[in-house]
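K.L.:
Could you have a look at this structure, given as structure tokens, before my questions?
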Amino acid sequence: MIKKIITSSPAETYQFGKNLANKLKGGETMGLIGNLGSGKTTLVKGLAKGLGIKQTITSPTFVLMKVYKTKHKTIKQLVHVDCYRVPGIELETIGLSDYLNQPDTVVAIEWAEKIPKKFKMTIKLQFKTKNKSNERFIKLIKLL
Ligand SMILES: Nc1ncnc2c1ncn2[C@@H]1O[C@H](COP(=O)(O)OP(=O)(O)OP(=O)(O)O)[C@@H](O)[C@H]1O
Ligand SMILES: [Mg+2]
């Protein structure tokens with residue numbers, strides 16, 4: 001399944017993420033791919049809102065991974081990972097594998113293209129920007 005949308009503001013990307021939360025079953029690994037400032041974190045913020053997370057989502061660029069408890073019925077936690085600066089080995093150290101394919105967990109990974117192929121994504125989200133405009137082309141591909 002492929003879905004393509006164009007958003008014109010951060011609010012629209014946020015809303016797209018929020019709507020996406022309703023479609024998740026749990027156990028998904030979402031790879032978010034796209035340049036700096038293309039809207040990956042903005043989408044995760046919306047996703048978190050849709051899952052009923054009250055905390056503020058901040059970019060995990062320096063801590064690599066953050067785990068948030070949700071208020072969702074079946075999905076109990078959202079794991080937000082940022083691989084911008086991460087070699088694969090660090091993902092082993094921080095225990096990412098423990099969170100993958102767990103029915104009560106959704107994992108969202110920014111810069112997923114930088115990590116080893118053995119971390120299988122079930123959903124890929126590609127972000128593209130055009131010039132300096134606020135438009136973001138977002139392509140969602142369901143892989144599994
Ligand atoms: N349509 C849009 N959707 C999302 N963000 C937008 C949009 N238009 C403009 N922006 C701006 O682009 C930036 C997106 O930032 P965000 O942190 O979400 O990107 P990112 O892909 O996570 O970047 P990084 O790779 O640095 O983590 C924000 O400054 C936001 O205000
Ligand atoms: Mg980000």
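Ligands are numbered from 1 in the order shown, residues from 1 within each chain, and chains are lettered A, B, ... in the order they appear in the structure tokens.
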Could you pull out all residues of region 1-132 of chain A with a DSSP call of strand (DSSP E) and give them as an NGL selection string?
P.N.:
:A and (2-7 or 29-33 or 65-69 or 77-82 or 105-110 or 123-129)
K.L.:
Residues near Phe119 (chain A), anyone? I mean within 9 Å using only C-alpha atoms, not counting same-chain ones fewer than 3 positions away, as a list in words.
P.N.:
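In the requested form, the answer reads Thr29, Ser97, Leu100, Ala112, Ile115 and Pro116 of chain A.
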K.L.:
Just want the residues within 12 Å of ligand 2, written as a PyMOL selection string, counting only C-alpha atoms and all ligand atoms.
P.N.:
chain A and resi 32-45+57-62+64-65+80-85+108-112+127
K.L.:
What does the distance between CA of Thr13 (chain A) and CA of Ile138 (chain A) come to in Å, to one decimal place?
P.N.:
8.7 Å
K.L.:
Closest to ligand 1 among A:Phe137, A:Leu91, A:Lys142, A:Leu20, using only C-alpha atoms and all ligand atoms?
P.N.:
A:Phe137
K.L.:
Calculated over only C-alpha atoms and all ligand atoms, which of the candidates A:Leu144, A:Leu125, A:Leu24, A:Leu51 has the smallest distance to ligand 1?
P.N.:
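Ranked by minimum distance to ligand 1, first place goes to A:Leu125.
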K.L.:
Atom 23 (O, counted along the ligand's line) of ligand 1 to CA of Tyr14 (chain A): how many Å, to one decimal?
P.N.:
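Atom-to-atom, atom 23 (O, counted along the ligand's line) of ligand 1 and CA of Tyr14 (chain A) are spaced 13.4 Å apart.
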K.L.:
Just to confirm, what's the straight-line distance from CA of Lys76 (chain A) to CA of Ile123 (chain A) in Å (one decimal)?
P.N.:
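One can read the CA of Lys76 (chain A) to CA of Ile123 (chain A) distance as 18.8 Å.
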K.L.:
May I ask which of the residues A:Lys49, A:Gly88, A:Asn19, A:Tyr68 is the closest one to Lys118 (chain A), counting only C-alpha atoms?
P.N.:
A:Gly88
K.L.:
Could you pull out all residues of chain A with a DSSP call of helix (DSSP H, G or I) and give them as a VMD selection string?
P.N.:
chain A and resid 10 to 23 40 to 50 88 to 93 96 to 99 112 to 114
K.L.:
Using only C-alpha atoms and all ligand atoms, pick whichever of A:Lys128, A:Lys120, A:Glu135, A:Lys69 has the shortest atom-to-atom distance to ligand 1.
P.N.:
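Checking each candidate against ligand 1, we get A:Glu135 as the closest.
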K.L.:
Name the closest residue to ligand 1 among the candidates A:Asn134, A:His72, A:Asp98, A:Gly26; distances are taken between atoms, counting only C-alpha atoms and all ligand atoms.
P.N.:
A:Asn134
K.L.:
Give me, as a list of chain:residue names, all polymer residues having an atom no more than 8 Å from Ile2 (chain A), counting only C-alpha atoms and skipping those fewer than 3 positions away in the same chain.
P.N.:
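Answer for this query is A:Lys139, A:Leu140, A:Ile141, A:Lys142.
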K.L.:
Go ahead and save the picked residues with N, CA and C atoms, as a JSON list (two decimals), in the first residue's frame.
P.N.:
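What landed in result31.json:
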```json
[["chain", "number", "residue", "atom", "x", "y", "z"],
["A", 139, "LYS", "N", 5.47, 10.33, 1.45],
["A", 139, "LYS", "CA", 5.04, 9.07, 0.84],
["A", 139, "LYS", "C", 5.10, 7.99, 1.91],
["A", 140, "LEU", "N", 3.98, 7.36, 2.12],
["A", 140, "LEU", "CA", 3.92, 6.27, 3.12],
["A", 140, "LEU", "C", 3.85, 4.94, 2.38],
["A", 141, "ILE", "N", 4.76, 4.08, 2.67],
["A", 141, "ILE", "CA", 4.78, 2.77, 2.01],
["A", 141, "ILE", "C", 4.67, 1.69, 3.09],
["A", 142, "LYS", "N", 3.64, 0.89, 2.97],
["A", 142, "LYS", "CA", 3.50, -0.21, 3.92],
["A", 142, "LYS", "C", 4.24, -1.40, 3.35]]
```
K.L.:
Tell me, as an MDAnalysis selection string, which residues lie within 10 Å of Pro103 (chain A), counting only C-alpha atoms; anything in the same chain fewer than 4 positions away does not count.
P.N.:
chainID A and resid 25:28 74:77 99
K.L.:
Give me a file of those residues, with N, CA and C atoms, as a short mmCIF file (atom, residue, chain, number, x, y, z; two decimals), in the first residue's frame.
P.N.:
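Ended up saving to part-v5.cif:
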```
data_model
loop_
_atom_site.label_atom_id
_atom_site.label_comp_id
_atom_site.auth_asym_id
_atom_site.auth_seq_id
_atom_site.Cartn_x
_atom_site.Cartn_y
_atom_site.Cartn_z
N LYS A 25 -1.66 -0.81 14.52
CA LYS A 25 -2.17 -1.94 15.30
C LYS A 25 -1.26 -2.26 16.48
N GLY A 26 -0.01 -1.82 16.40
CA GLY A 26 1.02 -2.19 17.38
C GLY A 26 2.00 -3.13 16.71
N GLY A 27 3.26 -3.01 17.09
CA GLY A 27 4.29 -3.86 16.51
C GLY A 27 4.95 -3.26 15.27
N GLU A 28 4.48 -2.09 14.84
CA GLU A 28 5.06 -1.48 13.64
C GLU A 28 6.45 -0.89 13.92
N THR A 74 -4.32 -0.42 23.28
CA THR A 74 -3.47 -1.60 23.08
C THR A 74 -1.99 -1.26 22.86
N ILE A 75 -1.74 -0.10 22.28
CA ILE A 75 -0.35 0.31 22.09
C ILE A 75 0.11 1.05 23.34
N LYS A 76 1.01 0.44 24.08
CA LYS A 76 1.37 1.00 25.39
C LYS A 76 2.52 1.98 25.35
N GLN A 77 3.37 1.85 24.32
CA GLN A 77 4.51 2.78 24.28
C GLN A 77 4.94 3.11 22.85
N TYR A 99 12.54 -3.62 21.63
CA TYR A 99 11.29 -2.92 21.38
C TYR A 99 10.65 -3.28 20.04
#
```
